[in-house]
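Visitor: One file: model-v6.cif (mmCIF, N, CA and C atoms).
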data_query
loop_
_atom_site.group_PDB
_atom_site.id
_atom_site.type_symbol
_atom_site.label_atom_id
_atom_site.label_comp_id
_atom_site.auth_asym_id
_atom_site.auth_seq_id
_atom_site.Cartn_x
_atom_site.Cartn_y
_atom_site.Cartn_z
ATOM 1 N N MET A 1107 0.827 -1.182 0.000
ATOM 2 C CA MET A 1107 0.000 0.000 0.000
ATOM 3 C C MET A 1107 0.875 1.250 0.000
ATOM 4 N N GLY A 1108 0.391 2.285 -0.640
ATOM 5 C CA GLY A 1108 1.147 3.532 -0.679
ATOM 6 C C GLY A 1108 2.446 3.413 -1.445
ATOM 7 N N THR A 1109 2.414 2.681 -2.543
ATOM 8 C CA THR A 1109 3.601 2.338 -3.324
ATOM 9 C C THR A 1109 4.543 3.506 -3.609
ATOM 10 N N PHE A 1110 3.996 4.645 -3.988
ATOM 11 C CA PHE A 1110 4.845 5.770 -4.401
ATOM 12 C C PHE A 1110 4.837 6.940 -3.430
ATOM 13 N N VAL A 1111 4.315 6.725 -2.240
ATOM 14 C CA VAL A 1111 4.242 7.804 -1.256
ATOM 15 C C VAL A 1111 5.636 8.326 -0.919
ATOM 16 N N HIS A 1112 6.612 7.439 -0.852
ATOM 17 C CA HIS A 1112 7.979 7.880 -0.530
ATOM 18 C C HIS A 1112 8.509 8.866 -1.571
ATOM 19 N N LEU A 1113 8.076 8.709 -2.813
ATOM 20 C CA LEU A 1113 8.508 9.644 -3.860
ATOM 21 C C LEU A 1113 7.847 11.007 -3.667
ATOM 22 N N ALA A 1114 6.562 10.996 -3.353
ATOM 23 C CA ALA A 1114 5.856 12.256 -3.086
ATOM 24 C C ALA A 1114 6.501 12.971 -1.906
ATOM 25 N N GLU A 1115 6.845 12.217 -0.880
ATOM 26 C CA GLU A 1115 7.469 12.795 0.307
ATOM 27 C C GLU A 1115 8.808 13.465 -0.046
ATOM 28 N N SER A 1116 9.599 12.804 -0.857
ATOM 29 C CA SER A 1116 10.886 13.384 -1.270
ATOM 30 C C SER A 1116 10.692 14.657 -2.083
ATOM 31 N N ILE A 1117 9.732 14.627 -2.971
ATOM 32 C CA ILE A 1117 9.453 15.815 -3.788
ATOM 33 C C ILE A 1117 8.962 16.948 -2.895
ATOM 34 N N LYS A 1118 8.059 16.629 -1.973
ATOM 35 C CA LYS A 1118 7.488 17.646 -1.082
ATOM 36 C C LYS A 1118 8.575 18.374 -0.292
ATOM 37 N N GLN A 1119 9.639 17.680 0.063
ATOM 38 C CA GLN A 1119 10.729 18.275 0.829
ATOM 39 C C GLN A 1119 11.548 19.268 0.001
ATOM 40 N N ASN A 1120 11.338 19.250 -1.326
ATOM 41 C CA ASN A 1120 12.169 20.066 -2.195
ATOM 42 C C ASN A 1120 11.420 21.093 -3.035
ATOM 43 N N VAL A 1121 10.118 21.200 -2.852
ATOM 44 C CA VAL A 1121 9.339 22.165 -3.621
ATOM 45 C C VAL A 1121 8.413 22.939 -2.694
ATOM 46 N N LYS A 1122 7.869 24.012 -3.211
ATOM 47 C CA LYS A 1122 6.974 24.846 -2.413
ATOM 48 C C LYS A 1122 5.553 24.853 -2.981
ATOM 49 N N VAL A 1123 5.223 23.832 -3.737
ATOM 50 C CA VAL A 1123 3.872 23.690 -4.289
ATOM 51 C C VAL A 1123 3.252 22.416 -3.713
ATOM 52 N N PRO A 1124 1.920 22.319 -3.719
ATOM 53 C CA PRO A 1124 1.288 21.105 -3.209
ATOM 54 C C PRO A 1124 1.722 19.864 -3.989
ATOM 55 N N VAL A 1125 1.872 18.769 -3.276
ATOM 56 C CA VAL A 1125 2.316 17.508 -3.870
ATOM 57 C C VAL A 1125 1.239 16.445 -3.640
ATOM 58 N N ILE A 1126 0.975 15.674 -4.685
ATOM 59 C CA ILE A 1126 -0.032 14.621 -4.625
ATOM 60 C C ILE A 1126 0.659 13.265 -4.517
ATOM 61 N N ALA A 1127 0.176 12.430 -3.586
ATOM 62 C CA ALA A 1127 0.668 11.061 -3.463
ATOM 63 C C ALA A 1127 -0.294 10.129 -4.191
ATOM 64 N N VAL A 1128 0.259 9.085 -4.794
ATOM 65 C CA VAL A 1128 -0.529 8.121 -5.549
ATOM 66 C C VAL A 1128 0.122 6.752 -5.411
ATOM 67 N N GLY A 1129 -0.648 5.709 -5.638
ATOM 68 C CA GLY A 1129 -0.094 4.364 -5.667
ATOM 69 C C GLY A 1129 -0.637 3.466 -4.576
ATOM 70 N N ARG A 1130 -1.684 2.737 -4.897
ATOM 71 C CA ARG A 1130 -2.315 1.780 -3.978
ATOM 72 C C ARG A 1130 -2.700 2.415 -2.645
ATOM 73 N N ILE A 1131 -3.294 3.565 -2.728
ATOM 74 C CA ILE A 1131 -3.859 4.197 -1.530
ATOM 75 C C ILE A 1131 -5.333 3.808 -1.542
ATOM 76 N N ASN A 1132 -5.610 2.629 -1.003
ATOM 77 C CA ASN A 1132 -6.933 2.022 -1.115
ATOM 78 C C ASN A 1132 -7.814 2.212 0.107
ATOM 79 N N THR A 1133 -7.226 2.565 1.225
ATOM 80 C CA THR A 1133 -8.028 2.673 2.444
ATOM 81 C C THR A 1133 -7.969 4.102 2.985
ATOM 82 N N PRO A 1134 -9.018 4.505 3.675
ATOM 83 C CA PRO A 1134 -8.997 5.839 4.265
ATOM 84 C C PRO A 1134 -7.889 5.980 5.305
ATOM 85 N N GLU A 1135 -7.544 4.889 5.979
ATOM 86 C CA GLU A 1135 -6.488 4.942 6.985
ATOM 87 C C GLU A 1135 -5.136 5.289 6.367
ATOM 88 N N ILE A 1136 -4.845 4.697 5.237
ATOM 89 C CA ILE A 1136 -3.579 5.003 4.554
ATOM 90 C C ILE A 1136 -3.591 6.445 4.064
ATOM 91 N N ALA A 1137 -4.678 6.862 3.445
ATOM 92 C CA ALA A 1137 -4.790 8.230 2.937
ATOM 93 C C ALA A 1137 -4.617 9.239 4.061
ATOM 94 N N GLU A 1138 -5.306 9.010 5.157
ATOM 95 C CA GLU A 1138 -5.233 9.931 6.296
ATOM 96 C C GLU A 1138 -3.832 9.973 6.892
ATOM 97 N N ALA A 1139 -3.191 8.821 6.990
ATOM 98 C CA ALA A 1139 -1.831 8.769 7.549
ATOM 99 C C ALA A 1139 -0.856 9.571 6.687
ATOM 100 N N VAL A 1140 -0.954 9.423 5.380
ATOM 101 C CA VAL A 1140 -0.066 10.165 4.476
ATOM 102 C C VAL A 1140 -0.233 11.667 4.685
ATOM 103 N N LEU A 1141 -1.468 12.103 4.827
ATOM 104 C CA LEU A 1141 -1.740 13.531 5.008
ATOM 105 C C LEU A 1141 -1.316 14.020 6.392
ATOM 106 N N THR A 1142 -1.680 13.303 7.429
ATOM 107 C CA THR A 1142 -1.362 13.774 8.783
ATOM 108 C C THR A 1142 0.127 13.698 9.081
ATOM 109 N N GLU A 1143 0.828 12.779 8.441
ATOM 110 C CA GLU A 1143 2.281 12.695 8.608
ATOM 111 C C GLU A 1143 3.013 13.725 7.753
ATOM 112 N N GLY A 1144 2.267 14.473 6.938
ATOM 113 C CA GLY A 1144 2.867 15.512 6.108
ATOM 114 C C GLY A 1144 3.679 14.979 4.944
ATOM 115 N N ARG A 1145 3.409 13.765 4.535
ATOM 116 C CA ARG A 1145 4.167 13.149 3.446
ATOM 117 C C ARG A 1145 3.696 13.633 2.072
ATOM 118 N N ALA A 1146 2.482 14.159 2.018
ATOM 119 C CA ALA A 1146 1.904 14.726 0.797
ATOM 120 C C ALA A 1146 0.786 15.674 1.211
ATOM 121 N N ASP A 1147 0.363 16.494 0.257
ATOM 122 C CA ASP A 1147 -0.706 17.462 0.524
ATOM 123 C C ASP A 1147 -2.061 16.982 0.042
ATOM 124 N N LEU A 1148 -2.043 16.130 -0.955
ATOM 125 C CA LEU A 1148 -3.269 15.609 -1.560
ATOM 126 C C LEU A 1148 -3.079 14.125 -1.845
ATOM 127 N N ILE A 1149 -4.190 13.428 -1.994
ATOM 128 C CA ILE A 1149 -4.168 12.004 -2.311
ATOM 129 C C ILE A 1149 -4.881 11.795 -3.640
ATOM 130 N N ALA A 1150 -4.250 11.055 -4.546
ATOM 131 C CA ALA A 1150 -4.881 10.676 -5.811
ATOM 132 C C ALA A 1150 -5.305 9.217 -5.693
ATOM 133 N N ILE A 1151 -6.535 8.956 -6.100
ATOM 134 C CA ILE A 1151 -7.058 7.598 -6.037
ATOM 135 C C ILE A 1151 -7.521 7.237 -7.434
ATOM 136 N N GLY A 1152 -6.984 6.179 -7.999
ATOM 137 C CA GLY A 1152 -7.328 5.784 -9.355
ATOM 138 C C GLY A 1152 -8.070 4.469 -9.421
ATOM 139 N N ARG A 1153 -7.319 3.371 -9.423
ATOM 140 C CA ARG A 1153 -7.938 2.052 -9.579
ATOM 141 C C ARG A 1153 -8.993 1.772 -8.514
ATOM 142 N N GLN A 1154 -8.767 2.251 -7.294
ATOM 143 C CA GLN A 1154 -9.745 2.021 -6.231
ATOM 144 C C GLN A 1154 -11.102 2.613 -6.605
ATOM 145 N N LEU A 1155 -11.107 3.730 -7.339
ATOM 146 C CA LEU A 1155 -12.374 4.343 -7.756
ATOM 147 C C LEU A 1155 -13.042 3.574 -8.889
ATOM 148 N N LEU A 1156 -12.261 2.851 -9.676
ATOM 149 C CA LEU A 1156 -12.869 1.974 -10.676
ATOM 150 C C LEU A 1156 -13.581 0.822 -9.977
ATOM 151 N N THR A 1157 -12.945 0.289 -8.946
ATOM 152 C CA THR A 1157 -13.521 -0.831 -8.206
ATOM 153 C C THR A 1157 -14.742 -0.396 -7.415
ATOM 154 N N ASP A 1158 -14.629 0.722 -6.713
ATOM 155 C CA ASP A 1158 -15.733 1.207 -5.884
ATOM 156 C C ASP A 1158 -15.871 2.715 -6.039
ATOM 157 N N PRO A 1159 -16.679 3.144 -7.026
ATOM 158 C CA PRO A 1159 -16.849 4.578 -7.275
ATOM 159 C C PRO A 1159 -17.435 5.332 -6.082
ATOM 160 N N GLU A 1160 -18.023 4.617 -5.146
ATOM 161 C CA GLU A 1160 -18.610 5.244 -3.964
ATOM 162 C C GLU A 1160 -17.610 5.386 -2.819
ATOM 163 N N TRP A 1161 -16.351 5.062 -3.049
ATOM 164 C CA TRP A 1161 -15.309 5.130 -2.012
ATOM 165 C C TRP A 1161 -15.336 6.457 -1.258
ATOM 166 N N PRO A 1162 -15.291 7.603 -1.931
ATOM 167 C CA PRO A 1162 -15.280 8.875 -1.183
ATOM 168 C C PRO A 1162 -16.529 9.065 -0.322
ATOM 169 N N ASN A 1163 -17.691 8.693 -0.852
ATOM 170 C CA ASN A 1163 -18.925 8.841 -0.084
ATOM 171 C C ASN A 1163 -18.940 7.924 1.129
ATOM 172 N N LYS A 1164 -18.468 6.700 0.956
ATOM 173 C CA LYS A 1164 -18.423 5.757 2.077
ATOM 174 C C LYS A 1164 -17.469 6.256 3.164
ATOM 175 N N VAL A 1165 -16.343 6.807 2.753
ATOM 176 C CA VAL A 1165 -15.384 7.345 3.725
ATOM 177 C C VAL A 1165 -16.014 8.521 4.462
ATOM 178 N N LYS A 1166 -16.599 9.421 3.713
ATOM 179 C CA LYS A 1166 -17.203 10.622 4.302
ATOM 180 C C LYS A 1166 -18.305 10.277 5.303
ATOM 181 N N LYS A 1167 -19.075 9.239 4.989
ATOM 182 C CA LYS A 1167 -20.188 8.846 5.861
ATOM 183 C C LYS A 1167 -19.766 7.899 6.982
ATOM 184 N N GLY A 1168 -18.475 7.558 7.034
ATOM 185 C CA GLY A 1168 -18.000 6.663 8.085
ATOM 186 C C GLY A 1168 -18.325 5.199 7.836
ATOM 187 N N HIS A 1169 -18.475 4.837 6.572
ATOM 188 C CA HIS A 1169 -18.796 3.459 6.211
ATOM 189 C C HIS A 1169 -17.619 2.770 5.519
ATOM 190 N N ALA A 1170 -16.434 2.975 6.046
ATOM 191 C CA ALA A 1170 -15.245 2.375 5.437
ATOM 192 C C ALA A 1170 -15.340 0.854 5.390
ATOM 193 N N ASP A 1171 -16.091 0.282 6.310
ATOM 194 C CA ASP A 1171 -16.253 -1.176 6.341
ATOM 195 C C ASP A 1171 -17.028 -1.693 5.136
ATOM 196 N N LYS A 1172 -17.681 -0.801 4.395
ATOM 197 C CA LYS A 1172 -18.457 -1.203 3.222
ATOM 198 C C LYS A 1172 -17.702 -0.961 1.908
ATOM 199 N N ILE A 1173 -16.466 -0.504 2.011
ATOM 200 C CA ILE A 1173 -15.655 -0.262 0.806
ATOM 201 C C ILE A 1173 -15.315 -1.596 0.150
ATOM 202 N N ILE A 1174 -15.491 -1.640 -1.165
ATOM 203 C CA ILE A 1174 -15.098 -2.814 -1.941
ATOM 204 C C ILE A 1174 -13.651 -2.575 -2.365
ATOM 205 N N PRO A 1175 -12.709 -3.398 -1.901
ATOM 206 C CA PRO A 1175 -11.298 -3.130 -2.160
ATOM 207 C C PRO A 1175 -10.842 -3.513 -3.575
ATOM 208 N N CYS A 1176 -9.956 -2.701 -4.108
ATOM 209 C CA CYS A 1176 -9.278 -3.013 -5.358
ATOM 210 C C CYS A 1176 -8.268 -4.125 -5.074
ATOM 211 N N GLU A 1177 -8.213 -5.116 -5.939
ATOM 212 C CA GLU A 1177 -7.284 -6.232 -5.772
ATOM 213 C C GLU A 1177 -5.931 -5.973 -6.426
ATOM 214 N N SER A 1178 -5.789 -4.822 -7.065
ATOM 215 C CA SER A 1178 -4.539 -4.475 -7.766
ATOM 216 C C SER A 1178 -4.124 -5.558 -8.757
ATOM 217 N N CYS A 1179 -5.112 -6.097 -9.449
ATOM 218 C CA CYS A 1179 -4.859 -7.186 -10.406
ATOM 219 C C CYS A 1179 -4.413 -6.668 -11.777
ATOM 220 N N ASN A 1180 -4.547 -5.358 -11.978
ATOM 221 C CA ASN A 1180 -4.166 -4.695 -13.236
ATOM 222 C C ASN A 1180 -5.065 -5.022 -14.423
ATOM 223 N N THR A 1181 -6.235 -5.609 -14.168
ATOM 224 C CA THR A 1181 -7.187 -5.847 -15.256
ATOM 225 C C THR A 1181 -7.527 -4.534 -15.956
ATOM 226 N N CYS A 1182 -7.593 -3.448 -15.197
ATOM 227 C CA CYS A 1182 -7.951 -2.147 -15.774
ATOM 228 C C CYS A 1182 -6.848 -1.581 -16.672
ATOM 229 N N PHE A 1183 -5.622 -2.068 -16.523
ATOM 230 C CA PHE A 1183 -4.533 -1.594 -17.374
ATOM 231 C C PHE A 1183 -4.448 -2.366 -18.682
ATOM 232 N N ARG A 1184 -4.963 -3.564 -18.710
ATOM 233 C CA ARG A 1184 -4.871 -4.384 -19.925
ATOM 234 C C ARG A 1184 -5.460 -3.707 -21.155
ATOM 235 N N PRO A 1185 -6.616 -3.017 -21.030
ATOM 236 C CA PRO A 1185 -7.136 -2.328 -22.217
ATOM 237 C C PRO A 1185 -6.154 -1.312 -22.799
ATOM 238 N N LEU A 1186 -5.360 -0.705 -21.959
ATOM 239 C CA LEU A 1186 -4.396 0.276 -22.442
ATOM 240 C C LEU A 1186 -3.252 -0.382 -23.208
ATOM 241 N N LEU A 1187 -2.992 -1.634 -22.905
ATOM 242 C CA LEU A 1187 -1.858 -2.339 -23.494
ATOM 243 C C LEU A 1187 -2.250 -3.262 -24.647
ATOM 244 N N SER A 1188 -3.540 -3.401 -24.895
ATOM 245 C CA SER A 1188 -3.994 -4.373 -25.881
ATOM 246 C C SER A 1188 -4.836 -3.714 -26.962
ATOM 247 N N SER A 1189 -4.581 -4.083 -28.171
ATOM 248 C CA SER A 1189 -5.412 -3.592 -29.274
ATOM 249 C C SER A 1189 -6.676 -4.439 -29.412
ATOM 250 N N LYS A 1190 -6.819 -5.468 -28.565
ATOM 251 C CA LYS A 1190 -7.990 -6.348 -28.628
ATOM 252 C C LYS A 1190 -9.166 -5.812 -27.824
ATOM 253 N N TRP A 1191 -8.923 -4.865 -26.921
ATOM 254 C CA TRP A 1191 -10.007 -4.330 -26.102
ATOM 255 C C TRP A 1191 -10.965 -3.521 -26.959
ATOM 256 N N ARG A 1192 -12.252 -3.646 -26.681
ATOM 257 C CA ARG A 1192 -13.282 -2.902 -27.399
ATOM 258 C C ARG A 1192 -14.225 -2.248 -26.398
ATOM 259 N N PRO A 1193 -14.821 -1.108 -26.742
ATOM 260 C CA PRO A 1193 -15.795 -0.487 -25.849
ATOM 261 C C PRO A 1193 -16.870 -1.503 -25.455
ATOM 262 N N GLY A 1194 -17.198 -1.511 -24.191
ATOM 263 C CA GLY A 1194 -18.170 -2.465 -23.676
ATOM 264 C C GLY A 1194 -17.535 -3.655 -22.988
ATOM 265 N N ASN A 1195 -16.230 -3.876 -23.218
ATOM 266 C CA ASN A 1195 -15.534 -4.951 -22.518
ATOM 267 C C ASN A 1195 -15.346 -4.563 -21.055
ATOM 268 N N GLN A 1196 -15.410 -5.544 -20.182
ATOM 269 C CA GLN A 1196 -15.210 -5.302 -18.758
ATOM 270 C C GLN A 1196 -13.772 -4.855 -18.506
ATOM 271 N N ILE A 1197 -13.592 -3.809 -17.679
ATOM 272 C CA ILE A 1197 -12.236 -3.330 -17.400
ATOM 273 C C ILE A 1197 -11.822 -3.516 -15.948
ATOM 274 N N CYS A 1198 -12.725 -4.037 -15.107
ATOM 275 C CA CYS A 1198 -12.380 -4.273 -13.702
ATOM 276 C C CYS A 1198 -12.857 -5.660 -13.306
ATOM 277 N N LYS A 1199 -11.944 -6.434 -12.757
ATOM 278 C CA LYS A 1199 -12.273 -7.798 -12.332
ATOM 279 C C LYS A 1199 -13.336 -7.808 -11.230
ATOM 280 N N VAL A 1200 -13.318 -6.807 -10.377
ATOM 281 C CA VAL A 1200 -14.220 -6.753 -9.223
ATOM 282 C C VAL A 1200 -15.537 -6.049 -9.555
ATOM 283 N N ASN A 1201 -15.463 -4.971 -10.326
ATOM 284 C CA ASN A 1201 -16.649 -4.170 -10.654
ATOM 285 C C ASN A 1201 -16.999 -4.368 -12.121
ATOM 286 N N GLU A 1202 -17.996 -5.210 -12.363
ATOM 287 C CA GLU A 1202 -18.366 -5.509 -13.752
ATOM 288 C C GLU A 1202 -18.921 -4.297 -14.495
ATOM 289 N N ARG A 1203 -19.352 -3.267 -13.766
ATOM 290 C CA ARG A 1203 -19.910 -2.063 -14.401
ATOM 291 C C ARG A 1203 -18.842 -1.092 -14.877
ATOM 292 N N ALA A 1204 -17.641 -1.178 -14.348
ATOM 293 C CA ALA A 1204 -16.598 -0.199 -14.683
ATOM 294 C C ALA A 1204 -16.370 -0.160 -16.190
ATOM 295 N N GLY A 1205 -16.585 1.011 -16.753
ATOM 296 C CA GLY A 1205 -16.436 1.188 -18.193
ATOM 297 C C GLY A 1205 -17.653 0.749 -18.985
ATOM 298 N N ARG A 1206 -18.644 0.178 -18.292
ATOM 299 C CA ARG A 1206 -19.842 -0.329 -18.965
ATOM 300 C C ARG A 1206 -21.092 0.180 -18.260
ATOM 301 N N GLU A 1207 -21.011 1.325 -17.641
ATOM 302 C CA GLU A 1207 -22.085 1.847 -16.815
ATOM 303 C C GLU A 1207 -23.404 1.980 -17.566
ATOM 304 N N ILE A 1208 -23.356 2.290 -18.842
ATOM 305 C CA ILE A 1208 -24.569 2.458 -19.631
ATOM 306 C C ILE A 1208 -25.227 1.092 -19.895
ATOM 307 N N ASP A 1209 -24.392 0.065 -20.110
ATOM 308 C CA ASP A 1209 -24.903 -1.253 -20.484
ATOM 309 C C ASP A 1209 -25.303 -2.122 -19.291
ATOM 310 N N VAL A 1210 -24.700 -1.891 -18.129
ATOM 311 C CA VAL A 1210 -24.957 -2.746 -16.967
ATOM 312 C C VAL A 1210 -25.646 -1.892 -15.887
ATOM 313 N N PRO A 1211 -26.930 -2.151 -15.664
ATOM 314 C CA PRO A 1211 -27.657 -1.345 -14.670
ATOM 315 C C PRO A 1211 -27.183 -1.626 -13.257
ATOM 316 N N LEU A 1212 -27.441 -0.669 -12.368
ATOM 317 C CA LEU A 1212 -27.130 -0.859 -10.944
ATOM 318 C C LEU A 1212 -27.974 -2.011 -10.408
ATOM 319 N N SER A 1213 -27.404 -2.790 -9.528
ATOM 320 C CA SER A 1213 -28.138 -3.918 -8.934
ATOM 321 C C SER A 1213 -29.111 -3.414 -7.900
#
As structure tokens, how would this structure be written, given the file I've shared?

Guide:
Amino acid sequence: MGTFVHLAESIKQNVKVPVIAVGRINTPEIAEAVLTEGRADLIAIGRQLLTDPEWPNKVKKGHADKIIPCESCNTCFRPLLSSKWRPGNQICKVNERAGREIDVPLS
């Protein structure tokens, strides 16, 4: 977790602009720790939002126990690396709706 936070921390020590940390920041506890420890000014969340687009709302409402975790399987990166991917193909192993929101209704 927090794969690249150490890089953000190093950059933050050498610049006077806000620095964003990224890299497997999947839980609110990790995000909060990075911020309170002063290792970064902002948190970027990518794959975790593909898995659970409601992550920010669940955190805000105190429902972290209901967060669906990203498995970091890189299924979402395969479309970027393959010419075989087509619109409508599933892009997240955990969230079948990711990238297909129009075609797959909410349960």

Visitor: What's the 8 Å shell around region 1176-1179 of chain A, counting only C-alpha atoms, without same-chain residues fewer than 6 positions away, as a PyMOL selection string?

Guide: chain A and resi 1130+1132+1153-1154+1157-1158+1199-1200

Visitor: Which of chain A end up as alpha helix (DSSP H) when DSSP is run on this backbone - answer as a ChimeraX atom specification?

Guide: /A:1111-1118,1134-1142,1153-1157,1161-1166,1184-1187

Visitor: Enter the distance from CA of Asn1180 (chain A) to atom C of Glu1143 (chain A), in Å, rounded to one decimal.

Guide: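 According to the coordinates, CA of Asn1180 (chain A) and atom C of Glu1143 (chain A) are separated by 28.8 Å.
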
Visitor: Can you list, as a ChimeraX atom specification, every protein, DNA or RNA residue that comes within 7 Å of Ile1151 (chain A) when you count only N, CA and C atoms, leaving out same-chain residues fewer than 5 positions away?

Guide: /A:1127-1129,1131,1156

Visitor: Which residue is closest to Ala1139 (chain A)? Choose from A:Gly1108, A:Ile1197, A:Glu1207, A:Ile1126 and count only C-alpha atoms.

Guide: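 For Ala1139 (chain A), the nearest of the candidates is A:Gly1108.
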
Visitor: List every residue of chain A that DSSP, applied to the backbone of this structure, assigns to strand (DSSP E), and report them as a VMD selection string.

Guide: chain A and resid 1126 to 1127 1148 to 1149

Visitor: Between CA of Leu1187 (chain A) and CA of Ala1150 (chain A), measure the distance and give it in Å to one decimal.

Guide: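 A separation of 22.2 Å between them.
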